[in-house]
Every structure is written in structure tokens, then in C-alpha cells.
Amino acid sequence: MKLEKSTGPTPHTGVLLFLMRATLLLILLGVLLALCVNAIPTDTDIEVFEEWLKLNGGDSSAVSFKFHAGTIFV
Amino acid sequence: MTTSSCDGLSLTWKWLVEIWKGAYAKRDIAAGETICTIPSGVILSEKSAFQGQLGSALEPLQANLTTADVLLLHLMHERNLKESTHSAYFNILPPRFQTTVFWSEEDLKYLEGSQLFDATKQRKEAMGKTYDNLFSFLKEKNAGIFTSEAFSQEQFEWALSLVWSRSVSVKSGESNAFIIIPGVDLFNHGKGMASVQVADDGNSMLVIAETDIPKDTEIGLDYGNKSNSELLLSYGFVLGENPYDGVSLTLNVDKEDVFHAARVSAVEKATGLTETPFEFLITAAGIPRNLLYAMRIILLKSEHIGDLNVLAEKGYGSLNDELHMLRTLGAALQKVSSSYKTSYEEDVELLKEHAKLVEEGQTPKLSVRQATGLSVVAKEKAILEQSVAVIRALWLDYLAKDYPPESSEESNEESRESVDGAVSA
């Protein structure tokens with residue numbers, strides 16, 4: 001059987017490409033979902049926390065809670 | 001907090017873990033002033049668990065659950081609730097912890113042979129076992145509310161890490177119980193700045209300034225005298241210079257020994273320690289004298305047992321007994337050293353190379369976790385090497401100089417200062 005150099009995607013490779021793209025999309029969606037589940041605290045969250053503390057009779061007005069920037073554990 | 005443009009997954013993950021917290025003075029705070037007031041109504045505890053939505057499900061199981069079990073179930077439940085009364089608190093908690101139990105096997109390789117490595121493995125095993133036992137029990141009791149989806153092992157590990165790293169131990173009847181005080185856990189470790197106290201009316205917890213704190217200063221709460229190994233294990237951070245870094249040694253008195261009770265009593269008298277097995281920490285400051293006192297007593301040969309009272313008064317035994325003690329201690333330390341996979345010199349070489357690459361802006365071979373772990377372990381090795389050298393020097397001194405040192409306690413102290421060198425108080 002004579003083998004010829006491919007000049008472009010065949011219907012077969014097209015299906016493969018589609019599947020690969022779909023898989024990649026699913027992985028990305030999974031990552032985004034994981035990020036949503038493990039929601040990242042923000043400065044607004046800190047403000048809401050301080051307000052919540054106050055509403056419950058607490059007081060943290062002398063202190064400000066902050067996130068450090070640049071602590072990277074990978 | 002970074003606002004990443006999200007141009008790649010790696011960046012996303014870095015963003016995910018770029019979380020840390022700290023409490024800073026908004027204004028000048030005077031010593032004795034209240035920095036923060038936390039009402040008791042927001043404290044998460046066994047009591048709040050029974051008062052909350054989970055209470056009715058917990059009550060029939062109460063007799064078989066520990067206070068820690070109840071708190072863990074309470075934390076998992078509240079975290080899962082869409083409208084928890086504590087949502088504002090749970091939203092600021094980290095989704096992941098940096099403690100060594102969450103390190104990968106690849107990262108843990110850099111801790112191999114260390115006491116931190118063993119402690120991490122033990123904690124990991126304990127986590128799994130506790131989860132299995134607790135949820136087998138709940139399943140057996142048909143406690144339907146505790147579904148494996150809402151109370152997954154991952155959720156359990158998160159809650160357990162929260163308790164390990166952020167709880168406060170309080171006296172509850174005959175025993176101690178752990179409670180979480182939202183807000184107090186946002187303070188980093190720092191000595192002599194502030195402390196936590198119960199308000200006079202008992203209705204709130206107060207963070208009180210121990211010293212004058214200027215505006216914009218980070219305020220710390222004392223987490224205790226912990227080594228970097230302990231800090232990494234429980235909290236996921238280390239200090240640059242930590243005087244409590246060291247190698248711990250545990251001494252047991254042989255229970256079959258006919259002089260067991262007498263030896264234990266003599267060790268207690270000499271060291272002031274009351275709990276067996278006796279634990280000692282060898283640090284960069286030297287070998288603790290109490291360790292030597294205890295070893296002299298425990299290793300005293302039966303035929304010399306008459307010297308026990310002298311040793312309990314922090315005196316010396318015979319030269320042979322002293323040399324036997326040093327030989328045993330040296331062998332124990334060398335045994336600890338031999339458990340490491342790499343030498344101190346090899347670790348230092350790796351760390352130097354790491355620091356150089358970081359300085360040059362190149363990608364280092366070690367991750368931050370690996371470099372941190374390696375530096376903790378290298379310090380342990382350095383302390384062990386130093387201690388073995390001290391023991392050798394003591395051995396030679398004892399053989400070369402008059403022995404025993406002068407008999408009076410005062411003279412003993414003086415001669416110890418000169419002979420023992422790096423033996424610490």
C-alpha cells in the first residue's frame with residue numbers, strides 16, 4: 001500500500017481534534033469549578049467579616065486584617 | 001492580593017495559593033489597650049455545635065463522640081451551609097493549608113529521616129484513621145445527615161487542619177477542649193505583643209496589647225515556644241531565626257528495672273520534669289543540662305545505685321558512669337544522624353545553589369516548600385553535629401582533667417561552665 005503525505009485534516013483527524021478540544025474545555029471547566037468551590041478570599045470578604053463581627057457585638061476597629069502579597073507556595 | 005489576568009493555568013494556581021493574612025495596628029495602640037473584642041456568640045465550639053442546626057443530629061450520638069469529633073463535624077457542616085451564620089468567617093479562611101501533611105511525596109523527600117518527616121507521616125495516618133473510624137460509626141448509626149458528599153475526607157482534612165492551626169485550647173471540666181475564635185486566628189505568630197483574655201463579664205474574648213504598638217505595625221500573638229519543624233507541621237510557616245529549633249530526645253526508664261521508681265523520682269527531682277517519658281530538646285544553644293542529669297540517673301549502674309541521691313542533687317557519678325553516659329548519648333545522636341538520606345554538607349550545597357538561582361532571577365530546582373523543608377532539616381543536622389562534637393570534647397576533658405569536679409554545688413556549677421562548653425542551662 002502506498003503511503004502519501006497528508007495535506008490536511010481528514011474527517012477522522014477532525015473528530016480527534018474535536019475530542020481533544022472538548023477534553024481540554026472540560027479540564028478548564030473543572031479547574032474553574034474548583035476555583036469557585038475553593039473561593040479565594042478577597043479584601044471585600046475581610047470587610048464583610050469585620051462588619052459581621054461588629055453586628056454580633058465585636059470590635060476590631062483598632063486593627064486591620066490584610067493579605068500578604070507574594071507568599072507563593074507552589 | 002493579585003488581580004491576575006489569568007493568562008495561563010500556572011498563573012492561576014499561583015494566584016490560588018497567594019493567600020496569607022496578618023493583623024496590623026490601624027493607629028498607635030498603648031500597652032493594656034483592647035485591640036479586638038470577639039463576642040462569645042461567634043465562637044465555634046462543642047457548645048455552638050449543639051446549639052446550631054446540627055445539634056439535633058449530634059445529640060443521640062453524643063455519648064460516642066469526642067469533643068473534637070463534634071467540633072470537626074460542626075466546622076464541616078457550617079462550611080457547607082449556603083447560609084451559615086458564620087459564612088462571613090468561613091469566606092476568609094484559606095481553601096488549602098500549607099502544613100506538611102498536604103505536601104506531595106516529592107516535597108516530603110526533602111524531609112526524609114527527620115523528626116518532622118515522621119511526625120508528618122503519623123499525622124497523615126491519624127487523619128485517615130480518624131476519618132474512617134468516625135464516618136464508619138456515623139454510617140453504622142444511620143446518621144443520614146452526614147453524607148459522604150457533604151462530609152468528604154477532603155472536607156474533614158480541611159476542618160482538622162483548621163483545628164490544628166487556628167484553634168485555642170481551653171479548660172472544659174476535667175479536660176481541655178478546642179475552640180475557634182474568629183478573628184483571633186487572623187493574628188500571626190509574634191512574641192510579647194498581645195495576648196488573648198476572657199473579658200471580665202465572660203461574654204467575650206479580648207486581644208490585649210502587651211506593649212505599646214505603633215501604627216501600621218503587624219500585631220502578633222504568641223503561638224508558643226515552637227521549633228520550625230513544629231511550626232511547619234501545624235501552621236505551615238517557619239521563622240528565619242528560631243531559638244527553639246532542635247532535635248528532641250525522649251528518655252524512658254526501664255519498667256523492669258528494680259530501681260525504676262527510685263530512678264524516676266531522682267530524675268524528677270533533678271530536672272523538675274513530672275511526665276514520663278522525659279522529653280528534652282537539644283538546640284543550637286547546646287545540650288540541656290537536664291538531659292545530662294536525667295541520663296546520669298537512668299544509666300547509673302545498679303552496683304552504684306547508692307549514688308542516686310547525689311545525682312538527684314545534680315551531682316556527678318563515677319568517671320566510668322559519666323563516660324558510659326556520654327558514650328550512650330553520643331551513640332543515640334549518631335543514630336538519629338544516620339537516619340537522614342543526605343549529609344549536612346550536601347544540603348547546604350543544594351540550598352546555596354537554590355539561593356544563587358533565586359538571586360539571579362532564574363528558576364530554581366527546588367520549590368519553596370522543598371527549600372524550606374531542606375533548610376529546617378539541615379539545621380537539625382547542624383545541631384546534631386555540634387552536639388556530637390561537644391560530647392567528644394567532654395569525653396576528652398573528663399579523661400584529661402581531674403575527675404570528678406569539686407564537690408560543692410557552687411563549684412560544680414563553675415566547673416560545668418568551664419568543662420561543658422556548649423552544654424546549655
# chains A, B, ... in the order shown; residues from 1 in each chain; ligands from 1
>>> residues_around(residues="range 340-355 of chain B", least_positions_apart="6", cutoff="10 Å", atoms="only C-alpha atoms", output="list in words")
Lys109, Tyr110, Leu111, Glu112, Gly113, Ser114, Gln115, Gly361, Gln362, Thr363, Pro364, Lys365, Leu366, Ser367, Val368, Gln370, Ala371, Thr372, Leu374, Ser375, Val377, Ala378, Lys379, Glu380, Lys381, Ala382, Leu384 and Glu385 of chain B
>>> residues_around(residues="range 51-54 of chain A", least_positions_apart="2", cutoff="12 Å", atoms="only C-alpha atoms", output="short mmCIF file (atom, residue, chain, number, x, y, z; two decimals) with all heavy atoms, in the first residue's frame")
data_model
loop_
_atom_site.label_atom_id
_atom_site.label_comp_id
_atom_site.auth_asym_id
_atom_site.auth_seq_id
_atom_site.Cartn_x
_atom_site.Cartn_y
_atom_site.Cartn_z
N THR A 44 -12.74 42.43 50.09
CA THR A 44 -14.16 42.64 50.40
C THR A 44 -14.62 41.62 51.44
O THR A 44 -15.40 41.95 52.34
CB THR A 44 -15.01 42.49 49.10
OG1 THR A 44 -14.39 43.27 48.10
CG2 THR A 44 -16.44 42.91 49.33
N ASP A 45 -14.15 40.38 51.29
CA ASP A 45 -14.53 39.35 52.27
C ASP A 45 -14.08 39.76 53.67
O ASP A 45 -14.77 39.53 54.66
CB ASP A 45 -13.89 38.00 51.91
CG ASP A 45 -14.52 37.39 50.67
OD1 ASP A 45 -15.72 37.58 50.47
OD2 ASP A 45 -13.78 36.73 49.91
N ILE A 46 -12.91 40.36 53.75
CA ILE A 46 -12.39 40.82 55.04
C ILE A 46 -13.30 41.91 55.61
O ILE A 46 -13.63 41.91 56.79
CB ILE A 46 -10.93 41.35 54.90
CG1 ILE A 46 -9.95 40.19 54.81
CG2 ILE A 46 -10.55 42.29 56.02
CD1 ILE A 46 -9.66 39.48 56.12
N GLU A 47 -13.71 42.82 54.72
CA GLU A 47 -14.62 43.90 55.16
C GLU A 47 -15.94 43.33 55.67
O GLU A 47 -16.47 43.77 56.69
CB GLU A 47 -14.89 44.88 54.01
CG GLU A 47 -13.73 45.83 53.76
CD GLU A 47 -13.85 46.54 52.43
OE1 GLU A 47 -14.98 46.67 51.92
OE2 GLU A 47 -12.80 46.94 51.88
N VAL A 48 -16.46 42.34 54.94
CA VAL A 48 -17.72 41.70 55.35
C VAL A 48 -17.52 41.03 56.71
O VAL A 48 -18.39 41.11 57.59
CB VAL A 48 -18.18 40.67 54.28
CG1 VAL A 48 -19.35 39.83 54.79
CG2 VAL A 48 -18.55 41.36 52.99
N PHE A 49 -16.37 40.40 56.89
CA PHE A 49 -16.08 39.73 58.17
C PHE A 49 -16.05 40.74 59.31
O PHE A 49 -16.65 40.53 60.38
CB PHE A 49 -14.74 38.99 58.07
CG PHE A 49 -14.23 38.51 59.40
CD1 PHE A 49 -14.81 37.43 60.04
CD2 PHE A 49 -13.18 39.18 60.04
CE1 PHE A 49 -14.37 37.01 61.28
CE2 PHE A 49 -12.73 38.76 61.28
CZ PHE A 49 -13.32 37.68 61.90
N ASN A 56 -22.34 41.44 65.54
CA ASN A 56 -22.50 40.48 66.63
C ASN A 56 -22.00 41.02 67.97
O ASN A 56 -21.90 40.28 68.95
CB ASN A 56 -21.77 39.18 66.30
CG ASN A 56 -22.57 38.32 65.34
OD1 ASN A 56 -23.54 37.67 65.71
ND2 ASN A 56 -22.18 38.34 64.07
N GLY A 57 -21.63 42.29 67.99
CA GLY A 57 -21.20 42.91 69.24
C GLY A 57 -19.70 42.97 69.42
O GLY A 57 -19.22 43.33 70.50
N GLY A 58 -18.94 42.60 68.39
CA GLY A 58 -17.47 42.64 68.49
C GLY A 58 -16.91 43.97 68.03
O GLY A 58 -17.65 44.85 67.56
N ASP A 59 -15.61 44.09 68.14
CA ASP A 59 -14.96 45.34 67.72
C ASP A 59 -13.53 45.04 67.27
O ASP A 59 -12.72 44.52 68.03
CB ASP A 59 -14.96 46.34 68.87
CG ASP A 59 -14.28 47.64 68.50
OD1 ASP A 59 -14.12 47.90 67.29
OD2 ASP A 59 -13.89 48.40 69.42
N SER A 60 -13.25 45.35 66.02
CA SER A 60 -11.88 45.17 65.52
C SER A 60 -11.40 46.47 64.87
O SER A 60 -10.56 46.46 63.98
CB SER A 60 -11.83 44.02 64.50
OG SER A 60 -12.65 44.31 63.40
N SER A 61 -11.96 47.59 65.36
CA SER A 61 -11.68 48.88 64.70
C SER A 61 -10.23 49.34 64.86
O SER A 61 -9.75 50.15 64.09
CB SER A 61 -12.62 49.95 65.24
OG SER A 61 -12.50 50.05 66.64
N CYS B 36 -8.91 44.05 70.11
CA CYS B 36 -10.00 43.39 69.40
C CYS B 36 -10.94 42.73 70.41
O CYS B 36 -10.48 42.17 71.40
CB CYS B 36 -9.35 42.31 68.53
SG CYS B 36 -10.16 41.91 67.04
N THR B 37 -12.23 42.82 70.16
CA THR B 37 -13.21 42.16 71.04
C THR B 37 -14.01 41.15 70.21
O THR B 37 -14.58 41.51 69.19
CB THR B 37 -14.20 43.19 71.62
OG1 THR B 37 -13.44 44.23 72.26
CG2 THR B 37 -15.13 42.56 72.65
N ILE B 38 -13.97 39.91 70.65
CA ILE B 38 -14.71 38.87 69.92
C ILE B 38 -15.84 38.36 70.82
O ILE B 38 -15.57 37.76 71.86
CB ILE B 38 -13.79 37.67 69.54
CG1 ILE B 38 -12.44 38.15 68.97
CG2 ILE B 38 -14.52 36.71 68.62
CD1 ILE B 38 -12.49 38.81 67.65
N PRO B 39 -17.07 38.60 70.43
CA PRO B 39 -18.18 38.15 71.28
C PRO B 39 -18.25 36.62 71.35
O PRO B 39 -17.96 35.94 70.35
CB PRO B 39 -19.42 38.72 70.58
CG PRO B 39 -19.00 38.98 69.18
CD PRO B 39 -17.54 39.26 69.20
N SER B 40 -18.62 36.10 72.52
CA SER B 40 -18.63 34.64 72.68
C SER B 40 -19.64 33.97 71.75
O SER B 40 -19.50 32.81 71.41
CB SER B 40 -18.90 34.26 74.14
OG SER B 40 -20.08 34.89 74.57
N GLY B 41 -20.65 34.74 71.31
CA GLY B 41 -21.66 34.18 70.41
C GLY B 41 -21.12 33.72 69.07
O GLY B 41 -21.77 32.93 68.38
N VAL B 42 -19.95 34.21 68.66
CA VAL B 42 -19.42 33.80 67.35
C VAL B 42 -18.37 32.68 67.47
O VAL B 42 -17.86 32.19 66.47
CB VAL B 42 -18.81 34.99 66.56
CG1 VAL B 42 -19.83 36.09 66.36
CG2 VAL B 42 -17.55 35.53 67.22
N ILE B 43 -18.05 32.30 68.69
CA ILE B 43 -17.03 31.27 68.89
C ILE B 43 -17.56 29.91 68.44
O ILE B 43 -18.70 29.54 68.74
CB ILE B 43 -16.58 31.23 70.37
CG1 ILE B 43 -15.82 32.52 70.70
CG2 ILE B 43 -15.73 30.00 70.66
CD1 ILE B 43 -15.47 32.68 72.16
N THR B 85 -24.52 31.02 59.70
CA THR B 85 -24.39 32.26 60.48
C THR B 85 -22.93 32.70 60.48
O THR B 85 -22.61 33.84 60.81
CB THR B 85 -24.84 32.03 61.93
OG1 THR B 85 -24.17 30.87 62.42
CG2 THR B 85 -26.33 31.85 62.04
N HIS B 86 -22.03 31.77 60.13
CA HIS B 86 -20.59 32.06 60.14
C HIS B 86 -20.00 32.20 58.73
O HIS B 86 -18.80 32.14 58.58
CB HIS B 86 -19.84 30.96 60.90
CG HIS B 86 -20.00 31.06 62.39
ND1 HIS B 86 -21.17 30.73 63.03
CD2 HIS B 86 -19.14 31.47 63.35
CE1 HIS B 86 -21.03 30.91 64.32
NE2 HIS B 86 -19.81 31.36 64.56
N SER B 87 -20.86 32.38 57.73
CA SER B 87 -20.35 32.49 56.34
C SER B 87 -19.27 33.55 56.23
O SER B 87 -18.26 33.36 55.53
CB SER B 87 -21.48 32.87 55.39
OG SER B 87 -22.41 31.84 55.33
N ALA B 88 -19.49 34.69 56.89
CA ALA B 88 -18.53 35.79 56.79
C ALA B 88 -17.15 35.35 57.27
O ALA B 88 -16.13 35.82 56.77
CB ALA B 88 -19.02 36.98 57.61
N TYR B 89 -17.12 34.43 58.23
CA TYR B 89 -15.84 33.92 58.73
C TYR B 89 -15.28 32.86 57.77
O TYR B 89 -14.11 32.91 57.39
CB TYR B 89 -16.02 33.35 60.13
CG TYR B 89 -14.80 32.62 60.65
CD1 TYR B 89 -13.59 33.29 60.83
CD2 TYR B 89 -14.84 31.26 60.93
CE1 TYR B 89 -12.46 32.62 61.29
CE2 TYR B 89 -13.72 30.58 61.40
CZ TYR B 89 -12.53 31.27 61.57
OH TYR B 89 -11.42 30.61 62.01
N PHE B 90 -16.13 31.92 57.38
CA PHE B 90 -15.64 30.83 56.51
C PHE B 90 -15.12 31.36 55.18
O PHE B 90 -14.22 30.79 54.58
CB PHE B 90 -16.73 29.78 56.30
CG PHE B 90 -16.87 28.86 57.48
CD1 PHE B 90 -17.80 29.10 58.47
CD2 PHE B 90 -16.01 27.77 57.63
CE1 PHE B 90 -17.90 28.27 59.58
CE2 PHE B 90 -16.11 26.94 58.75
CZ PHE B 90 -17.05 27.19 59.72
N ASN B 91 -15.68 32.49 54.71
CA ASN B 91 -15.25 33.04 53.43
C ASN B 91 -13.82 33.62 53.46
O ASN B 91 -13.24 33.87 52.41
CB ASN B 91 -16.21 34.15 52.97
CG ASN B 91 -17.51 33.57 52.49
OD1 ASN B 91 -17.60 32.38 52.20
ND2 ASN B 91 -18.54 34.39 52.42
N ILE B 181 -11.87 30.89 67.64
CA ILE B 181 -12.33 32.26 67.93
C ILE B 181 -12.11 33.10 66.67
O ILE B 181 -10.99 33.52 66.38
CB ILE B 181 -11.54 32.88 69.11
CG1 ILE B 181 -11.50 31.90 70.30
CG2 ILE B 181 -12.15 34.20 69.53
CD1 ILE B 181 -10.59 32.34 71.43
N PRO B 182 -13.17 33.29 65.87
CA PRO B 182 -13.00 34.04 64.61
C PRO B 182 -12.38 35.41 64.86
O PRO B 182 -12.87 36.18 65.68
CB PRO B 182 -14.43 34.16 64.07
CG PRO B 182 -15.16 33.02 64.68
CD PRO B 182 -14.58 32.87 66.06
N GLY B 183 -11.33 35.70 64.16
CA GLY B 183 -10.65 36.98 64.33
C GLY B 183 -9.34 36.81 65.06
O GLY B 183 -8.29 37.27 64.59
N VAL B 184 -9.36 36.07 66.14
CA VAL B 184 -8.12 35.83 66.89
C VAL B 184 -7.16 35.00 66.01
O VAL B 184 -5.95 35.19 66.05
CB VAL B 184 -8.44 35.09 68.22
CG1 VAL B 184 -7.20 34.47 68.83
CG2 VAL B 184 -9.05 36.07 69.22
N SER B 204 -17.14 37.82 76.22
CA SER B 204 -16.33 37.98 75.01
C SER B 204 -14.86 37.65 75.29
O SER B 204 -14.44 37.56 76.44
CB SER B 204 -16.45 39.41 74.46
OG SER B 204 -16.16 40.34 75.47
#
>>> atom_distance(atom1="CA of Ala209 in chain B", atom2="CA of Leu160 in chain B")
29.6 Å
>>> select_by_dssp(residues="range 173-324 of chain B", states="strand (DSSP E)", output="VMD selection string")
chain B and resid 175 to 180 188 to 198 204 to 209 218 to 221 246 to 251 278 to 283 287 to 288
>>> residues_around(residues="Val70 in chain B", least_positions_apart="3", cutoff="6 Å", atoms="only C-alpha atoms", output="list in words")
Glu46, Thr67 and Leu73 of chain B
>>> write_last_selection(atoms="C-alpha atoms", output="short mmCIF file (atom, residue, chain, number, x, y, z; two decimals), in the first residue's frame")
data_model
loop_
_atom_site.label_atom_id
_atom_site.label_comp_id
_atom_site.auth_asym_id
_atom_site.auth_seq_id
_atom_site.Cartn_x
_atom_site.Cartn_y
_atom_site.Cartn_z
CA GLU B 46 -18.76 21.96 71.01
CA THR B 67 -15.46 16.98 71.81
CA LEU B 73 -18.47 17.86 62.22
#
>>> residues_around(residues="Ala49 in chain B", least_positions_apart="4", cutoff="7 Å", atoms="only C-alpha atoms", output="PyMOL selection string")
chain B and resi 45+54-55+70-71+74
>>> residues_around(residues="Leu58 in chain B", least_positions_apart="4", cutoff="12 Å", atoms="only C-alpha atoms", output="PyMOL selection string")
chain B and resi 46-54+62-67+69-74+77+138+141+143-146
>>> closest_residue(among="A:Lys66, A:Leu55, A:Arg21, A:Glu50", to="chain B", atoms="only C-alpha atoms")
A:Lys66
>>> atom_distance(atom1="CA of Ala332 in chain B", atom2="CA of Phe237 in chain B")
29.1 Å
